[in-house]
Each structure stands twice: as structure tokens, then as C-alpha cells.
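Structure record follows, encoded as C-alpha cells.
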Amino acid sequence: MRVDAETKKFLLGESLSNGAFFPVDRSPLISRNPLLVELVRGKSVLHLGCADHTSLIRKKREQGNYLHDLLGASASSLVGADINGEALNEMKTLGIENLYQVDELPESAHYDLLVVPDVIEHVGNVADFLAGLKRFSFDAIVITTPNALRLRNRMLFSAELVNTDHRYWFSPYTLSKTIYESGFEIEEFYYTDTPMSWKSPVRSMLKYFYPLCRDGLAVVIRPS
């Protein structure tokens with residue numbers, strides 16, 4: 001998503017079009033977790049929505065792909081927060097520390113980065129949620145979410161494949177629109193993908209040349 005001066009007018013509601021086109025540049029294939037690990041490297045981090053579904057925590061840890069563990073190995077310091085008390089208790093039984101209910105986070109702490117991975121599609125009011133992040137002290141925020149235009153969605157004609165707790169699908173433009181109307185600006189935009197899909201040469205080529213087909217979206221944002 002190119003956020004140039006003209007596009008910014010649409011995002012801020014200063015211009016309107018009933019059929020605007022927003023080109024997407026080709027970019028390297030990268031999956032979500034390695035991207036987040038690099039973005040947090042050497043930084044103090046608050047991981048919001050850190051727990052994942054309770055039933056998946058142990059399995060992901062055994063497989064070595066539990067995101068909170070990966071972030072902890074890269075960040076200089078890591079605090080986790082979630083609204084799911086059951087999942088937080090499960091994390092604590094596994095020896096994970098510095099965990100809080102979201103409303104119990106220390107108010108005095110400052111973080112280089114807030115990481116909010118695959119959370120916004122679960123909340124009822126995304127604009128209010130994003131605006132509410134300003135109560136924390138931070139330099140920047142990283143947000144990830146599934147891509148509404150991903151290849152597997154385009155290939156489904158008679159059914160919808162979805163996490164049943166999701167409330168929204170975001171395209172690059174609608175994600176950007178929501179971010180700007182919540183009082184933030186986008187610094188970096190990424191199109192992420194799932195490594196399993198790279199096993200197919202045809203799919204890998206499609207996703208390389210056409211990032212709109214990739215599974216996920218990721219943005220680095222700051223308050224405007």
C-alpha cells in the first residue's frame with residue numbers, strides 16, 4: 001500500500017472515489033513470525049494479545065513456533081498482556097513470566113514497540129481499540145491481521161474459511177483507512193505469507209509477483 005499525498009486524502013476522508021485503484025509493489029516473500037522477530041530485535045516490547053488460544057499454547061511451544069517465545073528470544077525485554085485469564089494462567093504454569101491482564105499493566109512503563117499480532121479482527125470496535133492503545137507509552141506499534149484478498153479466499157466459491165471468533169476481514173486499503181481514522185500514520189507496510197504455501201512453485205510465483213495474494217498484512221504505525 002503506497003501512502004502518498006493523494007492516497008492520504010482518501011484515508012483521511014478529504015477525497016472520495018467510488019472506484020479508486022491502489023497499486024501494490026512487488027516485495028520479498030516473508031512470513032509473519034520472522035518479520036516480527038526482526039522488528040522487535042533489541043527493543044523493549046509489550047506484546048498485546050500474547051496468549052493465543054489456550055488449547056494451542058503447549059502444542060505451539062513443542063513445535064517451536066509459539067510467538068511469545070520467539071519475541072522473547074529477540075527483544076531486549078518483553079511484557080505480555082491479554083484479556084484471556086485462562087490462557088495467561090496456562091502460560092504461567094509453563095514458566096513464562098512478566099504477564100498481565102491488560103487492565104493491570106503498570107502505567108509508568110515505556111516500550112520501544114507495541115506488538116499487536118492478529119488481534120484487531122477479533123475485537124468488536126477496531127477504531128476504539130486502536131485509539132485506546134494511546135494510553136500506553138511507546139515509540140511505535142506493529143499490527144498484523146489476515147488479508148481479505150489472500151489467494152485461498154479468492155479460490156473459494158461455495159464456502160467461507162474463517163476463524164469463528166473473527167469479526168472483520170481487512171484489505172490493504174481498509175486497514176489503512178481504519179488506522180488513519182484512529183489517529184495514526186503508517187510508516188511501513190508488509191505483505192506476509194505462510195511458509196507452507198511456498199511448497200507449490202506456482203503459488204510461490206503468484207505470491208511473489210502479486211503480494212495481494214499473500215495471507216497476511218503487517219504495518220508499523222505511529223500516532224499522527
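By convention in this document, the chains of the C-alpha cells carry letters A, B, ... by their order, each chain's residues are numbered from 1, and ligands are numbered from 1 in the order they are shown.
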| task | Going by DSSP on the backbone, which bits of chain A are strand (DSSP E or B)? Write them as number ranges by chain, please. | result | A: 31, 44-48, 77-82, 99-101, 110-117, 137-147, 170, 184-193, 216-223
| Got a sec to tell me which of segment 2-218 of chain A DSSP assigns to helix (DSSP H, G or I), as number ranges by chain? | A: 5-11, 32-40, 54-63, 67-74, 85-93, 102-104, 120-122, 126-135, 151-154, 172-181, 195-199, 201-209, 211-213
| said: Give me the residues near Leu46 of chain A as a ChimeraX atom specification, where near means some atom within 9 Å (using only C-alpha atoms) and where sequence neighbours in that chain fewer than 4 positions away do not count. | reply: /A:50,77-81,110-116,138
Output all heavy atoms for every residue in the selection just made, as an mmCIF file, in the first residue's frame.
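To be explicit, this is the file written out as out_11.cif:
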data_model
loop_
_atom_site.group_PDB
_atom_site.id
_atom_site.type_symbol
_atom_site.label_atom_id
_atom_site.label_comp_id
_atom_site.auth_asym_id
_atom_site.auth_seq_id
_atom_site.Cartn_x
_atom_site.Cartn_y
_atom_site.Cartn_z
ATOM 1 N N CYS A 50 -1.030 -11.680 23.859
ATOM 2 C CA CYS A 50 0.155 -12.554 23.841
ATOM 3 C C CYS A 50 -0.164 -14.032 23.953
ATOM 4 O O CYS A 50 0.666 -14.874 23.616
ATOM 5 C CB CYS A 50 1.099 -12.167 24.985
ATOM 6 S SG CYS A 50 0.415 -12.492 26.644
ATOM 7 N N SER A 77 13.648 -6.799 26.172
ATOM 8 C CA SER A 77 12.744 -7.105 27.276
ATOM 9 C C SER A 77 11.352 -7.304 26.698
ATOM 10 O O SER A 77 11.004 -6.723 25.668
ATOM 11 C CB SER A 77 12.731 -5.983 28.321
ATOM 12 O OG SER A 77 12.249 -4.769 27.767
ATOM 13 N N LEU A 78 10.564 -8.142 27.361
ATOM 14 C CA LEU A 78 9.249 -8.482 26.827
ATOM 15 C C LEU A 78 8.232 -8.590 27.949
ATOM 16 O O LEU A 78 8.460 -9.287 28.942
ATOM 17 C CB LEU A 78 9.315 -9.807 26.067
ATOM 18 C CG LEU A 78 7.991 -10.313 25.461
ATOM 19 C CD1 LEU A 78 7.494 -9.364 24.373
ATOM 20 C CD2 LEU A 78 8.180 -11.724 24.886
ATOM 21 N N VAL A 79 7.122 -7.884 27.789
ATOM 22 C CA VAL A 79 5.979 -7.983 28.692
ATOM 23 C C VAL A 79 4.805 -8.488 27.870
ATOM 24 O O VAL A 79 4.583 -8.035 26.733
ATOM 25 C CB VAL A 79 5.638 -6.610 29.316
ATOM 26 C CG1 VAL A 79 4.347 -6.693 30.127
ATOM 27 C CG2 VAL A 79 6.791 -6.131 30.190
ATOM 28 N N GLY A 80 4.043 -9.420 28.416
ATOM 29 C CA GLY A 80 2.876 -9.946 27.720
ATOM 30 C C GLY A 80 1.599 -9.536 28.417
ATOM 31 O O GLY A 80 1.544 -9.472 29.652
ATOM 32 N N ALA A 81 0.572 -9.235 27.646
ATOM 33 C CA ALA A 81 -0.728 -8.863 28.209
ATOM 34 C C ALA A 81 -1.840 -9.442 27.362
ATOM 35 O O ALA A 81 -1.735 -9.523 26.139
ATOM 36 C CB ALA A 81 -0.866 -7.339 28.292
ATOM 37 N N HIS A 110 7.473 2.382 29.736
ATOM 38 C CA HIS A 110 7.589 2.823 28.346
ATOM 39 C C HIS A 110 8.171 1.687 27.522
ATOM 40 O O HIS A 110 9.056 0.958 27.965
ATOM 41 C CB HIS A 110 8.503 4.051 28.227
ATOM 42 C CG HIS A 110 8.707 4.477 26.799
ATOM 43 N ND1 HIS A 110 7.790 5.241 26.111
ATOM 44 C CD2 HIS A 110 9.719 4.197 25.916
ATOM 45 C CE1 HIS A 110 8.220 5.438 24.880
ATOM 46 N NE2 HIS A 110 9.373 4.815 24.737
ATOM 47 N N TYR A 111 7.662 1.541 26.289
ATOM 48 C CA TYR A 111 8.098 0.466 25.407
ATOM 49 C C TYR A 111 8.561 1.049 24.075
ATOM 50 O O TYR A 111 7.966 1.992 23.559
ATOM 51 C CB TYR A 111 6.952 -0.522 25.152
ATOM 52 C CG TYR A 111 6.317 -1.047 26.408
ATOM 53 C CD1 TYR A 111 5.179 -0.425 26.928
ATOM 54 C CD2 TYR A 111 6.850 -2.126 27.087
ATOM 55 C CE1 TYR A 111 4.590 -0.894 28.102
ATOM 56 C CE2 TYR A 111 6.277 -2.600 28.256
ATOM 57 C CZ TYR A 111 5.145 -1.972 28.757
ATOM 58 O OH TYR A 111 4.567 -2.428 29.917
ATOM 59 N N ASP A 112 9.604 0.461 23.520
ATOM 60 C CA ASP A 112 10.006 0.848 22.172
ATOM 61 C C ASP A 112 8.934 0.467 21.168
ATOM 62 O O ASP A 112 8.678 1.189 20.203
ATOM 63 C CB ASP A 112 11.319 0.163 21.779
ATOM 64 C CG ASP A 112 12.493 0.582 22.647
ATOM 65 O OD1 ASP A 112 12.551 1.761 23.042
ATOM 66 O OD2 ASP A 112 13.349 -0.282 22.933
ATOM 67 N N LEU A 113 8.294 -0.679 21.416
ATOM 68 C CA LEU A 113 7.371 -1.227 20.419
ATOM 69 C C LEU A 113 6.214 -1.956 21.094
ATOM 70 O O LEU A 113 6.427 -2.741 22.028
ATOM 71 C CB LEU A 113 8.138 -2.209 19.523
ATOM 72 C CG LEU A 113 7.627 -2.492 18.118
ATOM 73 C CD1 LEU A 113 7.558 -1.218 17.287
ATOM 74 C CD2 LEU A 113 8.543 -3.508 17.436
ATOM 75 N N LEU A 114 5.006 -1.680 20.624
ATOM 76 C CA LEU A 114 3.846 -2.491 20.963
ATOM 77 C C LEU A 114 3.614 -3.447 19.806
ATOM 78 O O LEU A 114 3.565 -3.021 18.645
ATOM 79 C CB LEU A 114 2.598 -1.615 21.133
ATOM 80 C CG LEU A 114 2.245 -1.108 22.531
ATOM 81 C CD1 LEU A 114 3.375 -0.289 23.111
ATOM 82 C CD2 LEU A 114 0.944 -0.330 22.501
ATOM 83 N N VAL A 115 3.495 -4.726 20.099
ATOM 84 C CA VAL A 115 3.213 -5.733 19.070
ATOM 85 C C VAL A 115 1.794 -6.236 19.287
ATOM 86 O O VAL A 115 1.455 -6.740 20.365
ATOM 87 C CB VAL A 115 4.223 -6.896 19.142
ATOM 88 C CG1 VAL A 115 3.859 -7.975 18.132
ATOM 89 C CG2 VAL A 115 5.635 -6.391 18.889
ATOM 90 N N VAL A 116 0.970 -6.084 18.256
ATOM 91 C CA VAL A 116 -0.447 -6.466 18.344
ATOM 92 C C VAL A 116 -0.744 -7.418 17.179
ATOM 93 O O VAL A 116 -1.283 -7.027 16.140
ATOM 94 C CB VAL A 116 -1.352 -5.215 18.274
ATOM 95 C CG1 VAL A 116 -2.788 -5.581 18.636
ATOM 96 C CG2 VAL A 116 -0.831 -4.117 19.202
ATOM 97 N N PHE A 138 4.793 4.449 24.186
ATOM 98 C CA PHE A 138 5.517 3.656 23.198
ATOM 99 C C PHE A 138 6.047 4.557 22.097
ATOM 100 O O PHE A 138 5.604 5.699 21.936
ATOM 101 C CB PHE A 138 4.589 2.596 22.586
ATOM 102 C CG PHE A 138 3.371 3.188 21.926
ATOM 103 C CD1 PHE A 138 3.397 3.582 20.594
ATOM 104 C CD2 PHE A 138 2.200 3.366 22.636
ATOM 105 C CE1 PHE A 138 2.289 4.140 19.983
ATOM 106 C CE2 PHE A 138 1.078 3.927 22.035
ATOM 107 C CZ PHE A 138 1.130 4.317 20.707
#
| field | For Gly124 of chain A, the nearest of the candidates A:Arg167, A:Pro195, A:Ala87, A:Asn98, counting only C-alpha atoms | value | A:Arg167
| Pick from A:Ser176, A:Asn18, A:Ser224, A:Ser108 nearest to Phe189 of chain A, counting only C-alpha atoms | A:Ser176
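Compared by their closest atoms to Glu14 of chain A, and using only C-alpha atoms, the residues A:Leu35, A:Glu181, A:Lys207, A:Lys60 rank with A:Glu181 nearest.
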| request: Excluding Val102 of chain A and any residue of its chain fewer than 5 positions from it, enumerate the residues within 8 Å of it, using only C-alpha atoms, and give them as a count of residues only. | output: 4
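Nearest residue to Glu38 of chain A, choosing from A:Ile143, A:Ala73, A:Ile120, A:Ala131 and counting only C-alpha atoms: A:Ala73.
Distance annotation: of A:Val119, A:Lys92, A:Arg222, A:Leu149, the residue with the minimal separation from Tyr210 of chain A is A:Leu149; atom set is only C-alpha atoms.
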| task | Identify which of the residues A:Thr174, A:Ser31, A:Ser15, A:Thr192 lies closest to Ala127 of chain A, counting only C-alpha atoms when measuring atom-to-atom distances. | result | A:Thr174
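By only C-alpha atoms, and with residues fewer than 6 positions from Asp118 of chain A along its chain excluded, the set lying at most 8 Å from it is Ile143, Thr144, Thr145 and Pro146 of chain A.
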